[in-house]
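Novice: Provided below: my_file.txt, containing compact mmCIF, C-alpha atoms.
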```
# COMPACT_ATOMS: atom_id res chain seq x y z
CA MET T 1 -6.08 193.18 -30.66
CA PRO T 2 -2.67 192.76 -32.30
CA PHE T 3 -2.04 189.35 -33.87
CA TYR T 4 0.85 188.52 -31.56
CA LYS T 5 -1.51 188.72 -28.59
CA LYS T 6 -4.06 186.32 -30.00
CA LYS T 7 -4.35 182.71 -28.82
CA GLN T 8 -3.58 181.31 -32.24
CA PHE T 9 -0.17 183.02 -32.29
CA LYS T 10 0.65 181.68 -28.89
CA ALA T 11 -0.33 178.17 -29.92
CA ILE T 12 1.88 178.39 -33.02
CA VAL T 13 4.79 179.55 -30.95
CA ILE T 14 4.39 176.73 -28.46
CA ILE T 15 4.25 174.11 -31.19
CA ALA T 16 7.31 175.58 -32.93
CA ALA T 17 9.16 175.58 -29.66
CA LEU T 18 8.33 171.94 -29.05
CA LEU T 19 9.53 171.05 -32.51
CA ILE T 20 12.80 172.84 -32.05
CA ILE T 21 13.34 171.25 -28.67
CA GLY T 22 12.66 167.82 -30.22
CA MET T 23 15.15 168.52 -32.98
CA MET T 24 17.75 169.61 -30.48
CA ILE T 25 17.19 166.44 -28.44
CA SER T 26 17.53 164.21 -31.47
CA ALA T 27 20.66 166.12 -32.57
CA ILE T 28 22.25 165.75 -29.18
CA SER T 29 21.29 162.05 -28.82
CA GLY T 30 22.38 161.18 -32.40
CA SER T 31 19.17 159.34 -33.22
CA SER T 32 17.56 159.70 -36.64
CA PHE T 33 14.16 160.54 -35.37
CA SER T 34 12.84 163.10 -33.04
CA PRO T 35 10.44 162.62 -30.17
CA GLU T 36 7.63 164.38 -31.97
CA SER T 37 8.06 162.30 -35.05
CA THR T 38 7.86 159.26 -32.86
CA VAL T 39 4.64 160.52 -31.31
CA VAL T 40 3.21 161.44 -34.70
CA GLY T 41 4.21 158.10 -36.15
CA THR T 42 2.64 156.21 -33.29
CA ILE T 43 -0.59 158.13 -33.55
CA PHE T 44 -0.85 157.92 -37.33
CA TYR T 45 0.50 154.33 -37.74
CA PRO T 46 -2.91 152.66 -38.13
CA ALA T 47 -4.01 155.23 -40.68
CA GLN T 48 -0.72 154.87 -42.55
CA LYS T 49 -1.09 151.11 -42.61
CA LEU T 50 -4.56 151.39 -44.00
CA ALA T 51 -3.50 153.88 -46.62
CA SER T 52 -0.52 151.79 -47.73
CA SER T 53 -2.62 148.65 -48.09
CA ILE T 54 -5.16 150.54 -50.19
CA SER T 55 -2.36 151.92 -52.27
CA ALA T 56 -0.85 148.48 -52.80
CA LYS T 57 -4.19 147.15 -53.96
CA ILE T 58 -4.64 149.97 -56.40
CA VAL T 59 -1.14 149.40 -57.77
CA ALA T 60 -1.78 145.69 -58.08
CA MET T 61 -5.05 146.32 -59.89
CA ARG T 62 -3.31 148.64 -62.28
CA ASP T 63 -0.60 146.07 -62.92
CA ASN T 64 -3.18 143.37 -63.41
CA VAL T 65 -5.08 145.35 -65.94
CA SER T 66 -2.00 146.18 -67.91
CA GLY T 67 0.04 143.00 -67.47
CA LYS T 68 -2.50 140.18 -66.87
CA SER T 69 -3.91 140.17 -70.36
CA SER T 70 -0.50 139.45 -71.86
CA TYR T 71 0.17 136.71 -69.30
CA GLU T 72 -3.23 135.22 -69.98
CA GLU T 73 -2.60 135.08 -73.69
CA GLU T 74 0.70 133.37 -73.11
CA LEU T 75 -0.90 130.94 -70.68
CA ASP T 76 -3.69 130.11 -73.09
CA ALA T 77 -1.22 129.47 -75.88
CA LEU T 78 0.84 127.18 -73.62
CA LYS T 79 -2.26 125.32 -72.48
CA LEU T 80 -3.25 124.72 -76.08
CA GLU T 81 0.20 123.43 -76.86
CA VAL T 82 0.12 121.11 -73.84
CA ALA T 83 -3.29 119.79 -74.87
CA GLU T 84 -2.04 119.07 -78.39
CA LEU T 85 1.03 117.31 -77.07
CA GLN T 86 -1.07 115.26 -74.68
CA GLU T 87 -3.34 114.23 -77.53
CA GLN T 88 -0.32 113.16 -79.55
CA LEU T 89 0.96 111.22 -76.56
CA VAL T 90 -2.36 109.41 -76.17
CA ASP T 91 -2.36 108.58 -79.89
CA TYR T 92 1.19 107.33 -79.62
CA GLU T 93 0.36 105.09 -76.64
CA ASN T 94 -2.72 103.73 -78.41
CA ILE T 95 -0.77 102.98 -81.56
CA LYS T 96 2.00 101.37 -79.54
CA ARG T 97 -0.50 99.19 -77.69
CA GLU T 98 -2.27 98.20 -80.89
CA ASN T 99 1.08 97.43 -82.46
CA ASN T 100 2.06 95.13 -79.59
CA TYR T 101 -1.38 93.55 -79.69
CA TYR T 102 -1.22 92.79 -83.41
CA LYS T 103 2.37 91.65 -83.09
CA ASP T 104 1.22 88.96 -80.63
CA PHE T 105 -1.46 87.83 -83.04
CA LEU T 106 0.91 87.91 -85.98
CA GLU T 107 3.12 85.44 -84.10
CA VAL T 108 0.08 83.24 -83.48
CA LYS T 109 -0.93 83.43 -87.14
CA GLU T 110 2.62 82.70 -88.32
CA GLU T 111 2.88 79.69 -86.03
CA ASN T 112 -0.62 78.49 -86.95
CA PRO T 113 -1.36 79.41 -90.56
CA ASP T 114 -4.50 77.25 -90.45
CA PHE T 115 -6.19 79.57 -87.89
CA LYS T 116 -8.99 81.75 -89.18
CA LEU T 117 -9.21 84.72 -86.88
CA VAL T 118 -11.88 87.37 -86.41
CA HIS T 119 -11.17 90.38 -84.25
CA GLY T 120 -13.80 91.28 -81.66
CA ALA T 121 -14.02 94.12 -79.17
CA ILE T 122 -15.47 93.40 -75.77
CA ILE T 123 -18.67 95.41 -75.61
CA ALA T 124 -20.30 94.36 -72.36
CA ARG T 125 -19.73 92.30 -69.26
CA ASP T 126 -22.22 90.23 -67.35
CA SER T 127 -22.49 91.96 -63.99
CA GLU T 128 -23.99 88.90 -62.30
CA SER T 129 -21.36 86.40 -63.39
CA GLN T 130 -18.58 85.47 -60.99
CA TYR T 131 -16.43 84.20 -63.86
CA ALA T 132 -15.87 87.39 -65.89
CA SER T 133 -18.18 86.42 -68.78
CA PHE T 134 -18.39 89.05 -71.48
CA SER T 135 -19.95 89.88 -74.83
CA ILE T 136 -18.06 90.69 -78.00
CA GLY T 137 -19.14 92.93 -80.85
CA VAL T 138 -19.01 90.27 -83.57
CA GLY T 139 -21.62 87.63 -84.21
CA ALA T 140 -23.13 85.32 -86.78
CA ALA T 141 -22.80 87.95 -89.48
CA GLN T 142 -19.01 87.78 -89.10
CA GLY T 143 -18.93 83.99 -89.13
CA ILE T 144 -18.90 83.39 -85.36
CA ARG T 145 -20.45 80.13 -84.18
CA VAL T 146 -21.14 78.55 -80.82
CA ASN T 147 -18.04 76.74 -79.48
CA ASP T 148 -15.59 79.02 -81.27
CA CYS T 149 -12.71 79.67 -78.94
CA ILE T 150 -11.49 83.07 -77.85
CA ILE T 151 -7.82 83.96 -77.60
CA TYR T 152 -5.69 86.90 -76.61
CA GLY T 153 -2.27 86.53 -78.19
CA LYS T 154 -1.25 82.98 -77.42
CA TYR T 155 -3.54 82.75 -74.42
CA LEU T 156 -6.82 80.88 -74.46
CA ILE T 157 -9.50 83.06 -72.88
CA GLY T 158 -12.80 81.30 -73.32
CA LEU T 159 -15.50 79.85 -75.51
CA VAL T 160 -18.44 81.35 -77.37
CA VAL T 161 -21.67 80.04 -75.81
CA LYS T 162 -24.32 82.25 -77.39
CA VAL T 163 -24.33 83.90 -80.81
CA TYR T 164 -26.54 86.74 -82.01
CA PRO T 165 -26.37 88.37 -85.43
CA THR T 166 -23.93 91.08 -84.33
CA SER T 167 -22.68 89.95 -80.96
CA ALA T 168 -21.75 86.85 -79.02
CA VAL T 169 -21.51 85.87 -75.36
CA VAL T 170 -18.34 84.26 -74.08
CA LYS T 171 -17.74 82.10 -71.04
CA THR T 172 -14.20 82.36 -69.83
CA ILE T 173 -11.81 79.63 -68.77
CA LEU T 174 -12.52 80.64 -65.17
CA ASP T 175 -16.02 79.18 -65.50
CA PRO T 176 -16.31 75.61 -64.16
CA ASP T 177 -18.56 74.82 -67.14
CA ILE T 178 -15.59 75.36 -69.46
CA SER T 179 -13.36 72.34 -69.23
CA VAL T 180 -10.28 72.38 -71.44
CA SER T 181 -8.26 69.29 -72.12
CA CYS T 182 -4.68 70.34 -71.32
CA TYR T 183 -1.12 69.27 -70.63
CA GLU T 184 1.79 70.66 -68.70
CA ALA T 185 4.65 71.56 -71.05
CA ARG T 186 7.61 70.33 -68.98
CA THR T 187 6.31 67.01 -67.68
CA GLY T 188 3.80 66.28 -70.46
CA GLU T 189 1.15 65.26 -67.93
CA ASN T 190 -2.39 65.40 -69.30
CA SER T 191 -5.52 66.46 -67.52
CA TYR T 192 -8.36 68.94 -67.83
CA THR T 193 -9.20 72.32 -66.34
CA SER T 194 -11.86 72.97 -63.79
CA ASN T 195 -12.55 75.65 -61.20
CA ASP T 196 -14.22 76.67 -58.00
CA LEU T 197 -15.46 80.04 -56.80
CA THR T 198 -12.50 80.65 -54.50
CA LEU T 199 -9.98 80.42 -57.32
CA ALA T 200 -12.27 82.19 -59.78
CA LYS T 201 -12.45 85.16 -57.40
CA GLN T 202 -8.65 85.42 -57.64
CA GLY T 203 -8.72 85.14 -61.43
CA LYS T 204 -7.18 81.65 -61.38
CA LEU T 205 -8.27 78.18 -62.40
CA MET T 206 -7.15 74.64 -61.70
CA MET T 207 -5.74 71.67 -63.55
CA ALA T 208 -7.73 68.92 -61.93
CA ASN T 209 -7.52 65.21 -61.30
CA LEU T 210 -3.74 64.91 -60.98
CA SER T 211 -2.22 61.92 -59.32
CA LYS T 212 -0.61 62.08 -55.91
CA ASP T 213 2.87 61.63 -57.36
CA THR T 214 2.49 64.32 -60.01
CA ASN T 215 5.71 65.96 -61.19
CA ILE T 216 4.04 69.23 -62.03
CA ALA T 217 5.68 72.04 -60.12
CA ALA T 218 5.38 75.78 -59.80
CA GLY T 219 6.41 77.63 -62.93
CA GLY T 220 5.18 75.00 -65.35
CA ILE T 221 3.23 76.14 -68.40
CA VAL T 222 -0.20 74.62 -69.00
CA CYS T 223 -1.38 74.44 -72.60
CA SER T 224 -4.39 73.07 -74.42
CA SER T 225 -3.88 69.60 -75.81
CA GLY T 226 -6.32 69.84 -78.73
CA VAL T 227 -8.18 66.69 -77.68
CA GLY T 228 -11.90 66.95 -78.40
CA GLY T 229 -11.62 69.23 -81.43
CA ILE T 230 -12.92 72.33 -79.69
CA TYR T 231 -9.68 74.04 -78.72
CA PRO T 232 -6.60 74.12 -80.92
CA LYS T 233 -3.44 72.57 -79.56
CA ASP T 234 -0.77 74.53 -77.66
CA LEU T 235 -2.77 77.56 -76.62
CA ILE T 236 -1.48 78.74 -73.26
CA LEU T 237 -3.85 78.51 -70.30
CA GLY T 238 -1.44 79.85 -67.72
CA LYS T 239 1.43 79.16 -65.38
CA VAL T 240 1.30 76.73 -62.48
CA GLU T 241 1.48 78.44 -59.09
CA ASN T 242 1.41 75.39 -56.87
CA THR T 243 -0.04 71.90 -56.52
CA GLN T 244 -2.23 70.87 -53.64
CA GLU T 245 -4.76 68.27 -52.56
CA SER T 246 -8.12 68.75 -54.18
CA GLY T 247 -10.00 68.45 -50.90
CA LYS T 248 -12.86 66.59 -52.56
CA ASP T 249 -11.10 63.31 -53.21
CA VAL T 250 -7.64 61.75 -53.21
CA SER T 251 -6.53 63.55 -56.37
CA TYR T 252 -4.34 66.63 -56.58
CA ILE T 253 -4.84 69.87 -58.41
CA ALA T 254 -2.47 72.41 -59.88
CA VAL T 255 -3.47 76.03 -59.39
CA VAL T 256 -3.00 77.83 -62.69
CA ASN T 257 -2.62 81.58 -63.07
CA PRO T 258 -3.66 82.81 -66.54
CA GLN T 259 -0.98 85.55 -66.41
CA LEU T 260 -3.39 88.19 -67.64
CA LYS T 261 -6.40 89.90 -66.12
CA ILE T 262 -9.31 88.48 -68.06
CA ASN T 263 -11.78 90.98 -66.62
CA GLU T 264 -9.71 93.90 -67.91
CA LEU T 265 -9.33 92.84 -71.54
CA THR T 266 -10.79 95.11 -74.20
CA ASP T 267 -10.14 93.21 -77.43
CA VAL T 268 -9.88 89.54 -78.33
CA PHE T 269 -9.69 87.29 -81.37
CA VAL T 270 -12.09 84.51 -82.23
CA ILE T 271 -10.75 81.38 -83.91
CA THR T 272 -13.55 80.54 -86.29
CA ASP T 273 -11.72 77.64 -87.90
CA PHE T 274 -8.53 75.62 -87.49
CA GLU T 275 -7.14 72.31 -88.64
CA GLY T 276 -8.66 69.56 -86.59
CA LYS T 277 -11.73 71.48 -85.50
CA ASN T 278 -14.59 69.20 -84.44
CA GLN T 279 -12.41 66.18 -84.99
CA VAL T 280 -12.24 64.02 -81.87
CA LYS T 281 -8.69 62.69 -81.46
CA MET G 1 -58.03 111.95 -65.90
CA ARG G 2 -55.60 110.45 -68.31
CA LEU G 3 -52.47 111.53 -70.00
CA THR G 4 -52.74 112.50 -73.63
CA LYS G 5 -51.36 109.95 -76.02
CA LYS G 6 -48.37 112.17 -76.81
CA ASN G 7 -47.46 112.58 -73.14
CA LEU G 8 -47.93 108.91 -72.49
CA ILE G 9 -45.48 108.05 -75.25
CA LYS G 10 -43.05 110.67 -73.94
CA LYS G 11 -43.21 109.25 -70.44
CA HIS G 12 -42.62 105.71 -71.58
CA CYS G 13 -39.74 106.81 -73.80
CA ILE G 14 -38.12 108.47 -70.83
CA TRP G 15 -38.46 105.31 -68.74
CA VAL G 16 -36.98 103.22 -71.55
CA LEU G 17 -34.07 105.61 -72.01
CA LEU G 18 -33.35 105.57 -68.29
CA ILE G 19 -33.36 101.78 -68.27
CA CYS G 20 -31.03 101.67 -71.27
CA ALA G 21 -28.66 104.17 -69.66
CA ALA G 22 -28.57 102.18 -66.42
CA PHE G 23 -27.97 99.00 -68.38
CA LEU G 24 -25.04 100.54 -70.25
CA LEU G 25 -23.56 101.87 -67.04
CA GLN G 26 -23.90 98.49 -65.40
CA THR G 27 -22.40 96.38 -68.18
CA THR G 28 -19.57 98.61 -69.38
CA PHE G 29 -16.32 97.95 -67.61
CA GLY G 30 -15.00 100.83 -65.55
CA PHE G 31 -18.19 102.84 -65.10
CA MET G 32 -19.52 101.31 -61.93
CA PRO G 33 -17.18 100.97 -58.97
CA HIS G 34 -17.04 97.71 -57.06
CA ILE G 35 -15.61 96.67 -53.72
CA GLY G 36 -14.13 93.27 -54.34
CA GLN G 37 -17.05 91.14 -55.48
CA ILE G 38 -19.67 93.59 -54.22
CA LYS G 39 -21.08 95.30 -57.29
CA ILE G 40 -23.24 98.33 -57.90
CA LEU G 41 -26.13 97.38 -60.18
CA PRO G 42 -28.19 100.52 -60.87
CA LEU G 43 -30.55 98.75 -63.27
CA LEU G 44 -32.53 96.80 -60.67
CA PRO G 45 -33.25 99.65 -58.20
CA LEU G 46 -34.22 101.91 -61.09
CA LEU G 47 -36.52 99.27 -62.52
CA SER G 48 -38.25 98.76 -59.17
CA CYS G 49 -38.82 102.52 -58.81
CA ILE G 50 -40.27 102.78 -62.31
CA CYS G 51 -42.56 99.77 -61.79
CA MET G 52 -43.86 101.26 -58.55
CA PHE G 53 -45.13 104.23 -60.54
CA GLU G 54 -46.76 102.17 -63.25
CA LYS G 55 -49.69 99.82 -63.43
CA GLU G 56 -49.01 96.13 -63.66
CA LYS G 57 -49.58 95.94 -67.42
CA TYR G 58 -46.81 98.46 -68.08
CA ALA G 59 -44.60 97.13 -65.28
CA CYS G 60 -44.79 93.73 -66.93
CA TRP G 61 -43.42 95.11 -70.22
CA TYR G 62 -40.67 97.01 -68.47
CA GLY G 63 -39.67 93.87 -66.62
CA LEU G 64 -39.67 91.91 -69.83
CA PHE G 65 -37.61 94.54 -71.66
CA THR G 66 -35.06 94.76 -68.86
CA GLY G 67 -34.85 91.01 -68.56
CA LEU G 68 -34.20 90.69 -72.28
CA LEU G 69 -31.41 93.24 -72.04
CA MET G 70 -29.86 91.24 -69.22
CA ASP G 71 -30.24 88.02 -71.20
CA VAL G 72 -28.33 89.47 -74.13
CA VAL G 73 -25.11 89.78 -72.12
CA SER G 74 -25.59 86.83 -69.80
CA PRO G 75 -24.28 83.37 -70.62
CA SER G 76 -27.15 81.82 -68.67
CA MET G 77 -30.23 80.32 -70.26
CA VAL G 78 -31.95 82.56 -72.80
CA GLY G 79 -35.17 83.95 -71.41
CA TYR G 80 -34.34 83.35 -67.75
CA HIS G 81 -33.93 86.98 -66.79
CA ALA G 82 -36.83 88.04 -69.02
CA LEU G 83 -39.17 85.64 -67.21
CA ILE G 84 -38.01 86.44 -63.69
CA MET G 85 -38.02 90.21 -64.21
CA MET G 86 -41.41 90.13 -65.90
CA LEU G 87 -42.99 88.20 -63.02
CA LEU G 88 -41.39 90.31 -60.31
CA CYS G 89 -42.19 93.62 -61.98
CA THR G 90 -45.78 92.58 -62.62
CA PHE G 91 -46.14 91.77 -58.95
CA ILE G 92 -44.62 95.11 -57.93
CA GLY G 93 -46.86 97.02 -60.34
CA TRP G 94 -49.96 95.20 -59.11
CA VAL G 95 -49.14 95.72 -55.45
CA SER G 96 -48.34 99.41 -55.89
CA THR G 97 -51.54 100.01 -57.86
CA ASN G 98 -53.87 98.16 -55.50
CA TYR G 99 -52.37 98.05 -52.04
CA TRP G 100 -49.38 100.28 -51.41
CA ARG G 101 -49.02 104.00 -51.29
CA ASN G 102 -46.11 105.17 -53.35
CA THR G 103 -43.60 106.40 -50.79
CA LEU G 104 -39.86 106.06 -50.33
CA LEU G 105 -40.40 103.29 -47.79
CA THR G 106 -42.61 101.21 -50.05
CA ASN G 107 -40.14 101.74 -52.90
CA LEU G 108 -37.39 100.42 -50.65
CA VAL G 109 -39.49 97.37 -49.86
CA ALA G 110 -40.30 96.81 -53.54
CA GLY G 111 -36.66 97.28 -54.50
CA GLY G 112 -35.69 94.86 -51.75
CA ILE G 113 -38.07 92.23 -53.08
CA LEU G 114 -36.90 92.64 -56.68
CA ILE G 115 -33.17 92.75 -55.96
CA PHE G 116 -33.20 90.05 -53.30
CA LEU G 117 -35.22 87.60 -55.34
CA SER G 118 -33.45 88.20 -58.66
CA GLN G 119 -29.96 87.87 -57.18
CA SER G 120 -30.81 84.98 -54.88
CA LEU G 121 -32.56 83.01 -57.62
CA TYR G 122 -29.60 83.55 -59.95
CA TRP G 123 -27.26 82.26 -57.27
CA LEU G 124 -29.54 79.33 -56.58
CA PHE G 125 -30.00 78.20 -60.18
CA PHE G 126 -26.61 78.96 -61.67
CA ILE G 127 -24.21 78.43 -58.80
CA GLU G 128 -25.74 76.43 -55.96
CA PHE G 129 -27.60 73.88 -58.10
CA LYS G 130 -24.46 73.30 -60.15
CA GLN G 131 -22.79 72.25 -56.89
CA THR G 132 -19.89 74.59 -57.51
CA GLU G 133 -17.43 74.52 -54.65
CA GLY G 134 -17.67 77.62 -52.51
CA ALA G 135 -21.26 78.34 -53.56
CA SER G 136 -22.62 78.87 -50.06
CA GLY G 137 -19.73 81.10 -49.05
CA ILE G 138 -20.03 83.35 -52.04
CA TYR G 139 -23.68 84.03 -51.30
CA PHE G 140 -22.69 85.65 -48.02
CA THR G 141 -19.51 87.32 -49.23
CA ALA G 142 -20.69 88.60 -52.60
CA TYR G 143 -24.38 88.29 -53.27
CA LEU G 144 -25.85 89.36 -49.94
CA PRO G 145 -23.71 92.51 -49.61
CA THR G 146 -24.51 93.35 -53.24
CA ILE G 147 -28.22 92.97 -52.45
CA ILE G 148 -28.01 95.26 -49.43
CA LEU G 149 -25.96 97.89 -51.25
CA ASN G 150 -28.30 97.98 -54.21
CA ILE G 151 -31.41 98.22 -52.01
CA LEU G 152 -29.90 101.38 -50.57
CA LEU G 153 -29.42 102.63 -54.11
CA VAL G 154 -33.21 102.91 -54.35
CA ILE G 155 -33.05 106.04 -52.19
CA PRO G 156 -31.15 108.31 -54.62
CA LEU G 157 -32.98 106.86 -57.61
CA PHE G 158 -36.47 107.28 -56.14
CA PHE G 159 -36.45 111.08 -56.25
CA PRO G 160 -35.62 111.62 -59.95
CA VAL G 161 -38.21 109.00 -60.88
CA LEU G 162 -40.76 110.72 -58.65
CA ALA G 163 -39.93 114.08 -60.22
CA ILE G 164 -40.50 112.72 -63.73
CA TYR G 165 -43.74 111.08 -62.65
CA ARG G 166 -45.02 114.28 -61.06
CA LYS G 167 -44.16 116.31 -64.15
CA PHE G 168 -46.37 114.12 -66.27
CA LYS G 169 -49.04 113.97 -63.58
CA LYS G 170 -49.42 117.76 -63.86
CA GLU G 171 -50.01 117.43 -67.57
CA GLU G 172 -52.96 115.10 -67.15
CA LYS G 173 -56.13 116.35 -68.81
```
Using the file provided, produce a representation of the structure as structure tokens.
Specialist:
Amino acid sequence: MPFYKKKQFKAIVIIAALLIIGMMISAISGSSFSPESTVVGTIFYPAQKLASSISAKIVAMRDNVSGKSSYEEELDALKLEVAELQEQLVDYENIKRENNYYKDFLEVKEENPDFKLVHGAIIARDSESQYASFSIGVGAAQGIRVNDCIIYGKYLIGLVVKVYPTSAVVKTILDPDISVSCYEARTGENSYTSNDLTLAKQGKLMMANLSKDTNIAAGGIVCSSGVGGIYPKDLILGKVENTQESGKDVSYIAVVNPQLKINELTDVFVITDFEGKNQVK
Amino acid sequence: MRLTKKNLIKKHCIWVLLICAAFLLQTTFGFMPHIGQIKILPLLPLLSCICMFEKEKYACWYGLFTGLLMDVVSPSMVGYHALIMMLLCTFIGWVSTNYWRNTLLTNLVAGGILIFLSQSLYWLFFIEFKQTEGASGIYFTAYLPTIILNILLVIPLFFPVLAIYRKFKKEEK
């Protein structure tokens, strides 16, 4: 049978005819695509989408392999630099804090040349105490004795109550057992400190046994008076927040805020000796 | 069947190290979270779990050791915690050896006894008897919630202690 009579030839002719007709239609209509291309595109769109996504992934993988290693090196170098800078920043902050800390104590030492000071780090806190008691890392070996007072800058913090060879336990001024003879700087009124659990919870203490017509007002500074020979004179206990009735008797109290968070301190100084120590005035 | 001497020493060293670690966590500022005055005290629940797995003669020593550690940082009377912990731990060790099966429930009860009594007696002797103002209130706002929270802490601590105990139990000859 001649080729031009076979079915395959006829099929080719029909397809060619359809293509030509489609081209003529698109030429006449002015559109950029022909009907058959539209049909082909519609039929093969899912396959094309799949193929293009696979292709994109392969390209990305190739780029990653070639380009990622250089980016990673750069990133690692930058991370190292950031870590070094952060370390320097931490060192700077620590040195700045230490500098401020020692500056405060230098002022205390300059104002009170008779003070003998021993530096102690706070090493532990009593978890059962409601008054922020803590232990310091210096003890009898460093010359610490029971009833040595603890300061932070110009602030009185507490009193040593137990001494071991290399550590000591401190009760803070928030403890009702620690009673400091004190005066208010503006009015000169004398009294002593005391406390209750409500104020201790807030980190405050009280100046107790004030008379009804006390002139102590908010903003006044309460300092140790030095009476009794245990605490040096003029150590700051805190600032008066308000005065109120004591509730137990007819006297008044002044609520005193120590101005620093005793339970967040990390370092303190111990006054092991001062002029007038153990001398009752 | 008894543990060899070497394994016995190992086991006791592990208990001591765990107690020391819990003590450090409890007394170092910033490690243990707290909600107001409600504190997490991992030392007591751990101690109760350990004492439940030991006879009274060992529980007594653990109680004494833990009490001495607590005395070192506490401004209260020297020896107070050592005495209280020793007595309570001896009781727990004796009860667990002779009467109680060692389960999570009995550990909770033992932990409850230890924590409740140690905290309540501390409050009684060092706050209430001193007639500090606000003493009664603080028991309900601080001590009782702390007791309840730390009794619950027995649950996560029981399983590691049990695992260590079982490991040494397998090595008995």
Novice: Give the residues of chain G that lie within 8 Å of chain T; count only C-alpha atoms, and format the answer as a JSON list (two decimals) with C-alpha atoms, keeping the file's coordinate frame.
Specialist:
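What ended up in selection13.json:
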```json
[["chain", "number", "residue", "atom", "x", "y", "z"],
["G", 26, "GLN", "CA", -23.90, 98.49, -65.40],
["G", 27, "THR", "CA", -22.40, 96.38, -68.18],
["G", 28, "THR", "CA", -19.57, 98.61, -69.38],
["G", 29, "PHE", "CA", -16.32, 97.95, -67.61],
["G", 37, "GLN", "CA", -17.05, 91.14, -55.48],
["G", 39, "LYS", "CA", -21.08, 95.30, -57.29],
["G", 41, "LEU", "CA", -26.13, 97.38, -60.18],
["G", 70, "MET", "CA", -29.86, 91.24, -69.22],
["G", 72, "VAL", "CA", -28.33, 89.47, -74.13],
["G", 73, "VAL", "CA", -25.11, 89.78, -72.12],
["G", 74, "SER", "CA", -25.59, 86.83, -69.80],
["G", 75, "PRO", "CA", -24.28, 83.37, -70.62],
["G", 119, "GLN", "CA", -29.96, 87.87, -57.18],
["G", 132, "THR", "CA", -19.89, 74.59, -57.51],
["G", 133, "GLU", "CA", -17.43, 74.52, -54.65],
["G", 134, "GLY", "CA", -17.67, 77.62, -52.51],
["G", 135, "ALA", "CA", -21.26, 78.34, -53.56],
["G", 138, "ILE", "CA", -20.03, 83.35, -52.04]]
```
Novice: Between atom CA of Gln86 of chain T and atom CA of Tyr101 of chain T, what distance in Å does the model show, to one decimal?
Specialist: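 Between these atoms lies a distance of 22.3 Å.
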Novice: Counting only C-alpha atoms, which residues of segment 57-147 of chain T fall within 8 Å of segment 267-277 of chain T, and what is the closest atom pair for each with its distance in Å at one decimal, ordered by chain and rising number, as a Markdown table?
Specialist:
```
| residue | atom | partner | partner_atom | distance |
| --- | --- | --- | --- | --- |
| T:Asp114 | CA | T:Phe274 | CA | 5.3 |
| T:Phe115 | CA | T:Phe274 | CA | 4.6 |
| T:Lys116 | CA | T:Asp273 | CA | 5.1 |
| T:Leu117 | CA | T:Ile271 | CA | 4.7 |
| T:Val118 | CA | T:Val270 | CA | 5.1 |
| T:His119 | CA | T:Phe269 | CA | 4.5 |
| T:Gly120 | CA | T:Val268 | CA | 5.4 |
| T:Ala121 | CA | T:Asp267 | CA | 4.3 |
| T:Ile122 | CA | T:Asp267 | CA | 5.6 |
| T:Gly143 | CA | T:Thr272 | CA | 7.0 |
| T:Ile144 | CA | T:Thr272 | CA | 6.1 |
| T:Arg145 | CA | T:Thr272 | CA | 7.2 |
```
Novice: I'd like the contact shell of Phe65 of chain G - 10 Å cut-off, all atoms listed in the file, skipping same-chain residues fewer than 5 positions apart - returned as a ChimeraX atom specification.
Specialist: /G:16,19-20,59-60,70-71,81-82,85-86
Novice: Would you pick out the contacts of Ser136 of chain G at 10 Å or less, using all atoms listed in the file, so that residues sharing its chain but fewer than 4 positions from it are not included, and give the list as a PyMOL selection string?
Specialist: (chain T and resi 197) or (chain G and resi 123-124+127-128+131-132+140-141)
Novice: Just checking: using all atoms listed in the file, which residue out of G:Leu117, G:Ile155, G:Val109, G:Leu149 ends up closest to His34 of chain G?
Specialist: G:Leu149
Novice: Of the residues G:Phe116, G:Phe23, G:Phe126, G:Tyr139, which is the one nearest to Pro42 of chain G, using only C-alpha atoms?
Specialist: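 Residue with the minimum atom-to-atom distance to Pro42 of chain G: G:Phe23.
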Novice: Identify which of the residues T:Asn147, T:Ser179, T:Thr214, T:Asn99 lies closest to Ser251 of chain T, counting all atoms listed in the file when measuring atom-to-atom distances.
Specialist: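 Closest to Ser251 of chain T, using all atoms listed in the file: T:Thr214.
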Novice: Just the number, please: distance in Å from atom CA of Ile221 of chain T to atom CA of Leu174 of chain T, one decimal.
Specialist: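 Separation between atom CA of Ile221 of chain T and atom CA of Leu174 of chain T: 16.7 Å.
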Novice: Would you compute the distance between atom CA of Leu104 of chain G and atom CA of Asn7 of chain G? Give it in Å to one decimal.
Specialist: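 For atom CA of Leu104 of chain G relative to atom CA of Asn7 of chain G, the distance reads 24.9 Å.
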Novice: Give the answer as one residue: which of T:Glu73, T:Asp91, T:Glu84, T:Asp234 has the shortest atom-to-atom distance to Val108 of chain T, using only C-alpha atoms?
Specialist: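 Going through T:Glu73, T:Asp91, T:Glu84, T:Asp234 one by one, the smallest distance to Val108 of chain T is for T:Asp234.
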Novice: For each of T:Glu241, T:Glu81, T:Glu111, T:Glu74, take the minimum atom-to-atom distance to Leu205 of chain T, counting all atoms listed in the file, then give the residue where this is smallest.
Specialist: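 For Leu205 of chain T, the nearest of the candidates is T:Glu241.
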